[in-house]
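Undergrad: Below are the structure tokens for one structure; questions will follow.
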Amino acid sequence: MYEQASPGVESVTRDASAPHSTKHVDAIVIGAGLGGLLSAAHLLQRGKRVVVLERLPHSGGRFTAKNFHGVQVSTGAVHMVPFGSSGVLSHMLQRLHVPHRLFDADVFGSFHAHGKTYRARGLLGVLKFFSPRQSWWFLRLGWLMFFQPLPEEERRLPFDLWLERHIPVEQCPQLVAFFASIARFALSLELHQVSTAEVVNTTKNMLRYGAPAIVKGGCGEITRQLEQIVHSYNGEIRLSCEVLQILQEDGVVNAVRVKQKDTGEEELIQAPLIVSDIGPRATDGLLHNCRVKQADVLKPKDTASSSDEAASAHVQEAVGLKVHILSDVSLIPHKGIMYCLDTQRIAGMVQPTNSDPTLAPAGKHLLISHQVIQSNNVEEERALALSDLRYLFGETFDKHCQILTMGTYRGEWPVNRISQGEDVDPQLDVRGLYMVGDAVKPSGYLMVEGVAQSVNNFLDLLENMDQEQEAVRKNDPRIRRNVMAPPSRLNALRWLWRAPGNSRNVGKS
Ligand SMILES: Cc1cc2nc3c(=O)[nH]c(=O)nc-3n(C[C@H](O)[C@H](O)[C@H](O)COP(=O)(O)OP(=O)(O)OC[C@H]3O[C@@H](n4cnc5c(N)ncnc54)[C@H](O)[C@@H]3O)c2cc1C
């Protein structure tokens, strides 16, 4: 539904509609996704004149929603924030005075395994569905991941191979499926696609910060509030305005060339600072006066031309398929994630209406399933999703549920522009140009927590530039003030018995 027709490599030529006017600002933000809006709000708070340029007719990118038959159908995210009310995004929203409310999960999760659902209030709850032998190996892995330093030669090892090295995987099918379903739901990756260091860093952070949360009003509400903050500081958000080119002189950015889609008019906007929220492939395209098109990004590798290959070099995105379901009856009895260990494709599901009933019409429930796309056969992937839903809920599914949308997320509208752990450097060779968003997530910070932390990282880089000389004078290491340090390791202990977070307080209010 929201798969975007967009950016292969298409040369953008100047013609009669060449730019006719020039505007000067302090900073240009390309893309009004979450990363772009958060960056703009911070820059405005620092007194800069900012313009945000978005080619779609709405802000929010993959973190907003549209009302479809009274349901908040999201453009990407499943209305969920990975580290909940204690996470990086939540702290950033507080710092920016953006009103928001997050409902933390009340369980570690539930797990559909060997045809049954097991509810785990805390981490130890998973021992309910592991055999004694697998429970022993589970504890052993916990020891290796959290109490032992990861040997250097194991850091880059794909996580499936690391498991093979440390446990008898053939005798531990549930344990392997446990890790696989979490990686598929949380990272949209298979275990062979993610390094051991990244799994360890991400898991440590998940345990140290807190339980995931559903956003009150859905992800579109955060986007709306951020838009208001940008406007309240007199920032400008130009919708339906596509950036065609990033201009530079002597290795320093100085302007962008844009096209207003409704009028076809082109304009030059000048600024010494450009923040790109569109990922490295599209940013590189704009620097070379090229547009990256969805069709070319999705071309099989052997048919891609050399210029396509150049444009998509080194970019490995995370891809997924998401289903929005409306149900007359509740199918998941908690506010957390139901992980699916015994399905063909679906990795996990949430029922966000348990936290915020207004996300669907009164008396109905919204359910969202997520899976990694494992082949190029999208029809088959959809059919497997349907077959999984029937397996999980039996007759109830056909009797009480309606599929609202079933969308694939890949190419220029993926789950993550770069797979967790493969993220690129936010600072480019061209001075004054920085990247934010889910292609530059710092290690251990997934999804929108990674987006928020990427914005913190950008702010530190910017401020370091100003303070570099002073730091050198004082013989200080680089001053880092925005990137959030993870909370105490001891916080992880809270997970043993129950999910940490605000779920008990929220229930009372
Ligand atoms: C199916 C799915 C499920 C997900 N689930 C979750 C979840 O539950 N929790 C979570 O935390 N995260 C989730 N994510 C990930 C999360 O949605 C993204 O990481 C996040 O929204 C990315 O934000 P961004 O600002 O980096 O990029 P984007 O949201 O992609 O924003 C970039 C913007 O730039 C615009 N743009 C592109 N090119 C141009 C141009 N040339 N000129 C002007 N504008 C341009 C685009 O239109 C877009 O609006 C999910 C993603 C998907 C797809």
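Chain labels run A, B, ... following the order of the structure tokens; each chain numbers its residues from 1, and ligands are numbered from 1 in the order shown.
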Kindly provide the residues of segment 346-464 of chain A that approach segment 218-222 of chain A to within 10 Å, each paired with its closest atom pair and their distance in Å to one decimal, based on only C-alpha atoms, listed by chain and increasing number, as CSV.
TA:
residue,atom,partner,partner_atom,distance
A:Pro352,CA,A:Gly218,CA,8.5
A:Thr353,CA,A:Gly218,CA,9.7
A:Asp356,CA,A:Gly218,CA,8.2
A:Thr358,CA,A:Gly218,CA,9.1
A:Leu359,CA,A:Gly218,CA,6.8
Undergrad: Counting only C-alpha atoms, what is within 9 Å of Gln225 of chain A, bar same-chain residues fewer than 6 positions away, as a VMD selection string?
TA: chain A and resid 98 to 100
Undergrad: Generate a file of the selected residues that holds N, CA and C atoms, formatted as a PDB file, in the first residue's frame.
TA:
ATOM      1  N   VAL A  98       8.164  17.799  23.327  1.00  0.00           N
ATOM      2  CA  VAL A  98       7.142  17.265  22.421  1.00  0.00           C
ATOM      3  C   VAL A  98       6.186  16.411  23.251  1.00  0.00           C
ATOM      4  N   PRO A  99       4.901  16.816  23.356  1.00  0.00           N
ATOM      5  CA  PRO A  99       3.961  16.005  24.146  1.00  0.00           C
ATOM      6  C   PRO A  99       3.835  14.612  23.534  1.00  0.00           C
ATOM      7  N   HIS A 100       3.919  13.600  24.364  1.00  0.00           N
ATOM      8  CA  HIS A 100       3.754  12.232  23.869  1.00  0.00           C
ATOM      9  C   HIS A 100       3.487  11.316  25.054  1.00  0.00           C
TER      10      HIS A 100
END
Undergrad: Near Ala120 of chain A, counting only C-alpha atoms, which residues have an atom at most 12 Å away, once you skip same-chain residues fewer than 5 positions from it, shown as a PyMOL selection string?
TA: chain A and resi 105-112+125-130+334+336-339+495-499
Undergrad: Segment 100-323 of chain A: which residues are alpha helix (DSSP H) by DSSP, as number ranges by chain?
TA: A: 132-146, 152-155, 159-166, 173-187, 196-209, 219-232, 279-287, 294-298, 306-312
Undergrad: Given the selection you just returned, output its residues as a file containing C-alpha atoms, formatted as a PDB file, in the first residue's frame.
TA:
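In the end it all went to selection.pdb:
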ATOM      1  CA  PRO A 132      15.470 -28.743  30.688  1.00  0.00           C
ATOM      2  CA  ARG A 133      18.402 -29.292  28.295  1.00  0.00           C
ATOM      3  CA  GLN A 134      17.529 -26.185  26.240  1.00  0.00           C
ATOM      4  CA  SER A 135      16.979 -24.197  29.434  1.00  0.00           C
ATOM      5  CA  TRP A 136      20.542 -25.047  30.473  1.00  0.00           C
ATOM      6  CA  TRP A 137      21.922 -23.888  27.099  1.00  0.00           C
ATOM      7  CA  PHE A 138      19.786 -20.741  27.301  1.00  0.00           C
ATOM      8  CA  LEU A 139      21.370 -19.837  30.657  1.00  0.00           C
ATOM      9  CA  ARG A 140      24.801 -20.648  29.266  1.00  0.00           C
ATOM     10  CA  LEU A 141      24.253 -18.308  26.296  1.00  0.00           C
ATOM     11  CA  GLY A 142      23.073 -15.596  28.709  1.00  0.00           C
ATOM     12  CA  TRP A 143      26.314 -16.006  30.634  1.00  0.00           C
ATOM     13  CA  LEU A 144      28.439 -15.752  27.487  1.00  0.00           C
ATOM     14  CA  MET A 145      26.522 -12.784  26.089  1.00  0.00           C
ATOM     15  CA  PHE A 146      26.263 -10.693  29.234  1.00  0.00           C
ATOM     16  CA  GLU A 152      37.539 -10.270  18.957  1.00  0.00           C
ATOM     17  CA  GLU A 153      37.325 -13.107  16.394  1.00  0.00           C
ATOM     18  CA  GLU A 154      33.672 -13.698  17.326  1.00  0.00           C
ATOM     19  CA  ARG A 155      32.506 -10.101  16.899  1.00  0.00           C
ATOM     20  CA  PHE A 159      25.005 -14.981  14.945  1.00  0.00           C
ATOM     21  CA  ASP A 160      23.834 -18.388  13.600  1.00  0.00           C
ATOM     22  CA  LEU A 161      27.489 -19.527  13.397  1.00  0.00           C
ATOM     23  CA  TRP A 162      28.171 -18.189  16.888  1.00  0.00           C
ATOM     24  CA  LEU A 163      25.250 -20.279  18.176  1.00  0.00           C
ATOM     25  CA  GLU A 164      26.668 -23.344  16.396  1.00  0.00           C
ATOM     26  CA  ARG A 165      29.997 -22.712  18.102  1.00  0.00           C
ATOM     27  CA  HIS A 166      28.518 -22.576  21.598  1.00  0.00           C
ATOM     28  CA  PRO A 173      15.386 -26.151  17.954  1.00  0.00           C
ATOM     29  CA  GLN A 174      13.224 -24.008  20.258  1.00  0.00           C
ATOM     30  CA  LEU A 175      16.196 -22.001  21.441  1.00  0.00           C
ATOM     31  CA  VAL A 176      17.341 -21.266  17.885  1.00  0.00           C
ATOM     32  CA  ALA A 177      13.755 -20.401  16.871  1.00  0.00           C
ATOM     33  CA  PHE A 178      13.565 -18.058  19.897  1.00  0.00           C
ATOM     34  CA  PHE A 179      16.541 -16.006  18.681  1.00  0.00           C
ATOM     35  CA  ALA A 180      15.418 -16.200  15.038  1.00  0.00           C
ATOM     36  CA  SER A 181      11.917 -14.860  15.723  1.00  0.00           C
ATOM     37  CA  ILE A 182      13.248 -11.974  17.837  1.00  0.00           C
ATOM     38  CA  ALA A 183      15.834 -11.036  15.151  1.00  0.00           C
ATOM     39  CA  ARG A 184      13.156 -11.223  12.438  1.00  0.00           C
ATOM     40  CA  PHE A 185      10.638  -9.114  14.342  1.00  0.00           C
ATOM     41  CA  ALA A 186      12.987  -6.571  15.931  1.00  0.00           C
ATOM     42  CA  LEU A 187      15.637  -6.217  13.203  1.00  0.00           C
ATOM     43  CA  THR A 196      27.256 -11.495  16.995  1.00  0.00           C
ATOM     44  CA  ALA A 197      28.555  -8.164  18.301  1.00  0.00           C
ATOM     45  CA  GLU A 198      25.415  -6.428  17.072  1.00  0.00           C
ATOM     46  CA  VAL A 199      23.085  -9.011  18.623  1.00  0.00           C
ATOM     47  CA  VAL A 200      24.930  -8.709  21.935  1.00  0.00           C
ATOM     48  CA  ASN A 201      24.986  -4.886  21.901  1.00  0.00           C
ATOM     49  CA  THR A 202      21.334  -4.617  20.918  1.00  0.00           C
ATOM     50  CA  THR A 203      20.154  -7.187  23.454  1.00  0.00           C
ATOM     51  CA  LYS A 204      22.149  -5.529  26.243  1.00  0.00           C
ATOM     52  CA  ASN A 205      20.551  -2.203  25.398  1.00  0.00           C
ATOM     53  CA  MET A 206      17.053  -3.690  25.205  1.00  0.00           C
ATOM     54  CA  LEU A 207      17.506  -5.077  28.698  1.00  0.00           C
ATOM     55  CA  ARG A 208      19.154  -1.975  30.138  1.00  0.00           C
ATOM     56  CA  TYR A 209      16.638   0.569  28.839  1.00  0.00           C
ATOM     57  CA  CYS A 219       3.266   6.864  15.374  1.00  0.00           C
ATOM     58  CA  GLY A 220       1.377   9.517  13.388  1.00  0.00           C
ATOM     59  CA  GLU A 221       0.758  11.384  16.642  1.00  0.00           C
ATOM     60  CA  ILE A 222       4.485  11.862  17.277  1.00  0.00           C
ATOM     61  CA  THR A 223       4.916  13.126  13.721  1.00  0.00           C
ATOM     62  CA  ARG A 224       2.034  15.601  14.184  1.00  0.00           C
ATOM     63  CA  GLN A 225       3.498  16.895  17.439  1.00  0.00           C
ATOM     64  CA  LEU A 226       6.941  17.259  15.879  1.00  0.00           C
ATOM     65  CA  GLU A 227       5.494  19.198  12.949  1.00  0.00           C
ATOM     66  CA  GLN A 228       3.882  21.565  15.448  1.00  0.00           C
ATOM     67  CA  ILE A 229       7.171  22.061  17.292  1.00  0.00           C
ATOM     68  CA  VAL A 230       8.947  22.853  14.013  1.00  0.00           C
ATOM     69  CA  HIS A 231       6.254  25.377  13.104  1.00  0.00           C
ATOM     70  CA  SER A 232       6.266  26.899  16.605  1.00  0.00           C
ATOM     71  CA  GLY A 279      20.125   7.282   3.309  1.00  0.00           C
ATOM     72  CA  PRO A 280      23.519   7.023   1.588  1.00  0.00           C
ATOM     73  CA  ARG A 281      22.353   5.693  -1.800  1.00  0.00           C
ATOM     74  CA  ALA A 282      19.893   8.519  -2.473  1.00  0.00           C
ATOM     75  CA  THR A 283      22.191  11.158  -0.920  1.00  0.00           C
ATOM     76  CA  ASP A 284      25.063  10.027  -3.132  1.00  0.00           C
ATOM     77  CA  GLY A 285      22.684  10.155  -6.105  1.00  0.00           C
ATOM     78  CA  LEU A 286      21.778  13.783  -5.358  1.00  0.00           C
ATOM     79  CA  LEU A 287      25.457  14.721  -5.031  1.00  0.00           C
ATOM     80  CA  GLN A 294      12.720   2.109  -6.805  1.00  0.00           C
ATOM     81  CA  ALA A 295      12.494  -0.136  -9.892  1.00  0.00           C
ATOM     82  CA  ASP A 296      16.261  -0.039 -10.369  1.00  0.00           C
ATOM     83  CA  VAL A 297      17.018  -0.666  -6.719  1.00  0.00           C
ATOM     84  CA  LEU A 298      14.846  -3.793  -6.886  1.00  0.00           C
ATOM     85  CA  SER A 306      27.183  -0.533 -13.874  1.00  0.00           C
ATOM     86  CA  SER A 307      25.718   2.856 -12.922  1.00  0.00           C
ATOM     87  CA  ASP A 308      22.926   1.131 -10.964  1.00  0.00           C
ATOM     88  CA  GLU A 309      25.539  -0.934  -9.203  1.00  0.00           C
ATOM     89  CA  ALA A 310      27.474   2.204  -8.332  1.00  0.00           C
ATOM     90  CA  ALA A 311      24.323   3.754  -6.899  1.00  0.00           C
ATOM     91  CA  SER A 312      23.428   0.750  -4.777  1.00  0.00           C
TER      92      SER A 312
END
Undergrad: Could you build a table of the residues in segment 338-384 of chain A lying no more than 10 Å from segment 72-82 of chain A, giving for each the nearest pair of atoms and their separation in Å rounded to one decimal place, using only C-alpha atoms, ordered by chain and ascending residue number, as a tab-separated table?
TA:
residue	atom	partner	partner_atom	distance
A:Met349	CA	A:Val78	CA	9.2
A:Val350	CA	A:Val78	CA	7.8
A:Gln351	CA	A:Val78	CA	9.5
A:Pro352	CA	A:His79	CA	7.2
A:Thr358	CA	A:Gln72	CA	8.6
A:Leu359	CA	A:Gln72	CA	5.3
A:Ala360	CA	A:Gln72	CA	6.6
A:Pro361	CA	A:Gln72	CA	9.6
A:Leu366	CA	A:Gln72	CA	8.5
A:Leu367	CA	A:Val78	CA	9.3
A:Ile368	CA	A:Val78	CA	6.6
A:Ser369	CA	A:Val78	CA	8.5
A:His370	CA	A:Val78	CA	8.5
Undergrad: What's the separation between atom CA of Gln94 of chain A and atom 13 (C, counted along the ligand's line) of ligand 1, in Å to one decimal place?
TA: 19.9 Å
Undergrad: For segment 254-258 of chain A, find every residue with an atom within 9 Å (counting only C-alpha atoms), except residues of its own chain fewer than 4 positions away, and show them as a PDB file with N, CA and C atoms, in the first residue's frame.
TA:
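Output saved as selection.pdb:
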ATOM      1  N   PRO A  19      16.006  26.548 -12.067  1.00  0.00           N
ATOM      2  CA  PRO A  19      15.727  27.322 -10.861  1.00  0.00           C
ATOM      3  C   PRO A  19      15.665  28.821 -11.125  1.00  0.00           C
ATOM      4  N   HIS A  24      17.862  31.772   1.150  1.00  0.00           N
ATOM      5  CA  HIS A  24      19.006  31.485   2.026  1.00  0.00           C
ATOM      6  C   HIS A  24      18.505  31.078   3.403  1.00  0.00           C
ATOM      7  N   ILE A  28      19.381  23.109   5.769  1.00  0.00           N
ATOM      8  CA  ILE A  28      18.362  22.435   4.946  1.00  0.00           C
ATOM      9  C   ILE A  28      18.293  20.993   5.425  1.00  0.00           C
ATOM     10  N   LEU A  53      12.567  19.727   3.563  1.00  0.00           N
ATOM     11  CA  LEU A  53      12.040  19.476   2.220  1.00  0.00           C
ATOM     12  C   LEU A  53      11.590  18.034   2.112  1.00  0.00           C
ATOM     13  N   CYS A 241       7.784  18.560  -2.185  1.00  0.00           N
ATOM     14  CA  CYS A 241       8.941  19.312  -2.682  1.00  0.00           C
ATOM     15  C   CYS A 241      10.138  18.361  -2.746  1.00  0.00           C
ATOM     16  N   GLU A 242      10.509  17.985  -3.959  1.00  0.00           N
ATOM     17  CA  GLU A 242      11.569  16.979  -4.124  1.00  0.00           C
ATOM     18  C   GLU A 242      12.926  17.631  -4.323  1.00  0.00           C
ATOM     19  N   VAL A 243      13.909  17.163  -3.579  1.00  0.00           N
ATOM     20  CA  VAL A 243      15.276  17.636  -3.796  1.00  0.00           C
ATOM     21  C   VAL A 243      15.840  16.871  -4.987  1.00  0.00           C
ATOM     22  N   LEU A 244      16.315  17.615  -5.994  1.00  0.00           N
ATOM     23  CA  LEU A 244      16.823  16.989  -7.221  1.00  0.00           C
ATOM     24  C   LEU A 244      18.339  16.889  -7.217  1.00  0.00           C
ATOM     25  N   GLN A 245      18.993  17.809  -6.483  1.00  0.00           N
ATOM     26  CA  GLN A 245      20.459  17.851  -6.542  1.00  0.00           C
ATOM     27  C   GLN A 245      21.006  18.553  -5.300  1.00  0.00           C
ATOM     28  N   ILE A 246      22.135  18.066  -4.828  1.00  0.00           N
ATOM     29  CA  ILE A 246      22.875  18.774  -3.764  1.00  0.00           C
ATOM     30  C   ILE A 246      24.077  19.421  -4.452  1.00  0.00           C
ATOM     31  N   LEU A 247      24.193  20.746  -4.274  1.00  0.00           N
ATOM     32  CA  LEU A 247      25.285  21.460  -4.954  1.00  0.00           C
ATOM     33  C   LEU A 247      26.438  21.701  -3.985  1.00  0.00           C
ATOM     34  N   GLN A 248      27.647  21.633  -4.504  1.00  0.00           N
ATOM     35  CA  GLN A 248      28.843  21.845  -3.684  1.00  0.00           C
ATOM     36  C   GLN A 248      29.879  22.631  -4.461  1.00  0.00           C
ATOM     37  N   GLU A 249      30.750  23.285  -3.715  1.00  0.00           N
ATOM     38  CA  GLU A 249      31.851  24.000  -4.343  1.00  0.00           C
ATOM     39  C   GLU A 249      33.091  23.752  -3.512  1.00  0.00           C
ATOM     40  N   GLU A 265       7.682  23.951 -10.573  1.00  0.00           N
ATOM     41  CA  GLU A 265       8.704  24.992 -10.479  1.00  0.00           C
ATOM     42  C   GLU A 265       9.968  24.514  -9.787  1.00  0.00           C
ATOM     43  N   GLU A 266      11.100  24.943 -10.298  1.00  0.00           N
ATOM     44  CA  GLU A 266      12.379  24.605  -9.649  1.00  0.00           C
ATOM     45  C   GLU A 266      12.918  25.818  -8.909  1.00  0.00           C
ATOM     46  N   GLU A 267      13.679  25.558  -7.858  1.00  0.00           N
ATOM     47  CA  GLU A 267      14.227  26.653  -7.045  1.00  0.00           C
ATOM     48  C   GLU A 267      15.563  26.211  -6.448  1.00  0.00           C
ATOM     49  N   LEU A 268      16.424  27.199  -6.210  1.00  0.00           N
ATOM     50  CA  LEU A 268      17.675  26.911  -5.493  1.00  0.00           C
ATOM     51  C   LEU A 268      17.502  27.372  -4.054  1.00  0.00           C
ATOM     52  N   ILE A 269      17.893  26.551  -3.110  1.00  0.00           N
ATOM     53  CA  ILE A 269      17.874  26.985  -1.707  1.00  0.00           C
ATOM     54  C   ILE A 269      19.303  26.849  -1.199  1.00  0.00           C
ATOM     55  N   GLN A 270      19.831  27.927  -0.642  1.00  0.00           N
ATOM     56  CA  GLN A 270      21.229  27.919  -0.223  1.00  0.00           C
ATOM     57  C   GLN A 270      21.355  27.769   1.291  1.00  0.00           C
ATOM     58  N   ALA A 271      22.344  27.028   1.739  1.00  0.00           N
ATOM     59  CA  ALA A 271      22.637  26.873   3.176  1.00  0.00           C
ATOM     60  C   ALA A 271      24.026  26.260   3.331  1.00  0.00           C
ATOM     61  N   PRO A 272      24.726  26.619   4.418  1.00  0.00           N
ATOM     62  CA  PRO A 272      26.052  26.032   4.644  1.00  0.00           C
ATOM     63  C   PRO A 272      25.976  24.644   5.290  1.00  0.00           C
ATOM     64  N   LEU A 273      24.745  24.262   5.724  1.00  0.00           N
ATOM     65  CA  LEU A 273      24.587  22.981   6.422  1.00  0.00           C
ATOM     66  C   LEU A 273      23.425  22.213   5.790  1.00  0.00           C
ATOM     67  N   ILE A 274      23.669  20.948   5.423  1.00  0.00           N
ATOM     68  CA  ILE A 274      22.601  20.118   4.855  1.00  0.00           C
ATOM     69  C   ILE A 274      22.546  18.798   5.622  1.00  0.00           C
ATOM     70  N   LEU A 286      22.010  12.337  -5.245  1.00  0.00           N
ATOM     71  CA  LEU A 286      21.778  13.783  -5.358  1.00  0.00           C
ATOM     72  C   LEU A 286      23.095  14.544  -5.530  1.00  0.00           C
ATOM     73  N   GLY A 432      29.961  19.984   5.549  1.00  0.00           N
ATOM     74  CA  GLY A 432      28.646  20.604   5.763  1.00  0.00           C
ATOM     75  C   GLY A 432      27.496  19.661   5.470  1.00  0.00           C
TER      76      GLY A 432
END
Undergrad: When you count only C-alpha atoms and all ligand atoms, which of these residues is closest to ligand 1: A:Ala113, A:Leu37, A:Leu191, A:Cys172?
TA: A:Leu37
Undergrad: From the DSSP assignment of the backbone, select every residue of segment 220-385 of chain A that is strand (DSSP E), and format the answer as a PyMOL selection string.
TA: chain A and resi 236-238+241-249+252-260+266-270+273-276+290-291+320-327+338-340+348-350+365-372
Undergrad: Excluding same-chain residues fewer than 5 positions from Thr408 of chain A, what lies within 8 Å of it counting only C-alpha atoms, as a list in words?
TA: Glu3, Val319, Gly320, Leu321, Lys322, Ile373 and Val378 of chain A
Undergrad: Those same residues - N, CA and C atoms - I'd like them written as a JSON list (two decimals), in the first residue's frame.
TA:
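part.json, written as the output of this step:
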[["chain", "number", "residue", "atom", "x", "y", "z"],
["A", 3, "GLU", "N", 4.22, 1.17, -0.58],
["A", 3, "GLU", "CA", 5.48, 0.97, -1.27],
["A", 3, "GLU", "C", 5.67, 2.18, -2.18],
["A", 319, "VAL", "N", 14.48, -5.92, 4.85],
["A", 319, "VAL", "CA", 13.21, -5.94, 4.12],
["A", 319, "VAL", "C", 12.15, -6.70, 4.90],
["A", 320, "GLY", "N", 10.89, -6.34, 4.70],
["A", 320, "GLY", "CA", 9.85, -7.02, 5.47],
["A", 320, "GLY", "C", 8.48, -6.97, 4.83],
["A", 321, "LEU", "N", 7.58, -7.74, 5.40],
["A", 321, "LEU", "CA", 6.17, -7.74, 4.97],
["A", 321, "LEU", "C", 5.32, -7.59, 6.23],
["A", 322, "LYS", "N", 4.39, -6.66, 6.15],
["A", 322, "LYS", "CA", 3.59, -6.35, 7.34],
["A", 322, "LYS", "C", 2.11, -6.47, 6.99],
["A", 373, "ILE", "N", 11.03, -10.75, 4.43],
["A", 373, "ILE", "CA", 10.75, -11.33, 3.11],
["A", 373, "ILE", "C", 11.94, -12.24, 2.79],
["A", 378, "VAL", "N", 6.94, -12.40, -3.97],
["A", 378, "VAL", "CA", 6.12, -11.68, -3.00],
["A", 378, "VAL", "C", 4.76, -12.36, -2.81]]
Undergrad: Give me the residues within 9 Å of Gly251 of chain A as a PyMOL selection string, counting only C-alpha atoms and dropping any in the same chain fewer than 4 places off.
TA: chain A and resi 429-431
Undergrad: Which is closer to Ser86 of chain A than all the others in A:Pro442, A:Gly407, A:Gly264, A:Gly210, using only C-alpha atoms?
TA: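 Closest candidate: A:Gly210.
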Undergrad: A:Gln148, A:Ser188, A:Ser488, A:Asn67: which is nearest ligand 1, counting only C-alpha atoms and all ligand atoms?
TA: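 Once distances to ligand 1 are computed over only C-alpha atoms and all ligand atoms, the minimum belongs to A:Ser188.
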Undergrad: Closest to ligand 1 among A:Gly363, A:Gly217, A:Pro414, A:Pro57, using only C-alpha atoms and all ligand atoms?
TA: A:Pro414
Undergrad: Just checking: using only C-alpha atoms and all ligand atoms, which residue out of A:Asp277, A:Asp328, A:Glu395, A:Glu236 ends up closest to ligand 1?
TA: A:Asp277
Undergrad: Would you mind telling me which residue in A:Leu341, A:Ile403, A:Leu386, A:Ile30 lies nearest to ligand 1 when using only C-alpha atoms and all ligand atoms?
TA: A:Ile30
Undergrad: Excluding Gly450 of chain A and residues on its chain fewer than 2 positions from it, collect all residues at most 9 Å away from it, counting only C-alpha atoms, and give them as a list of chain:residue names.
TA: A:Val88, A:Leu89, A:Gly437, A:Asp438, A:Ala439, A:Val440, A:Lys441, A:Pro442, A:Ser443, A:Gly444, A:Tyr445, A:Leu446, A:Met447, A:Val448, A:Ala452, A:Gln453, A:Ser454, A:Val455
Undergrad: Please compute the atom 17 (O, counted along the ligand's line) of ligand 1-atom CA of Asn416 of chain A distance, one decimal, in Å.
TA: 7.4 Å
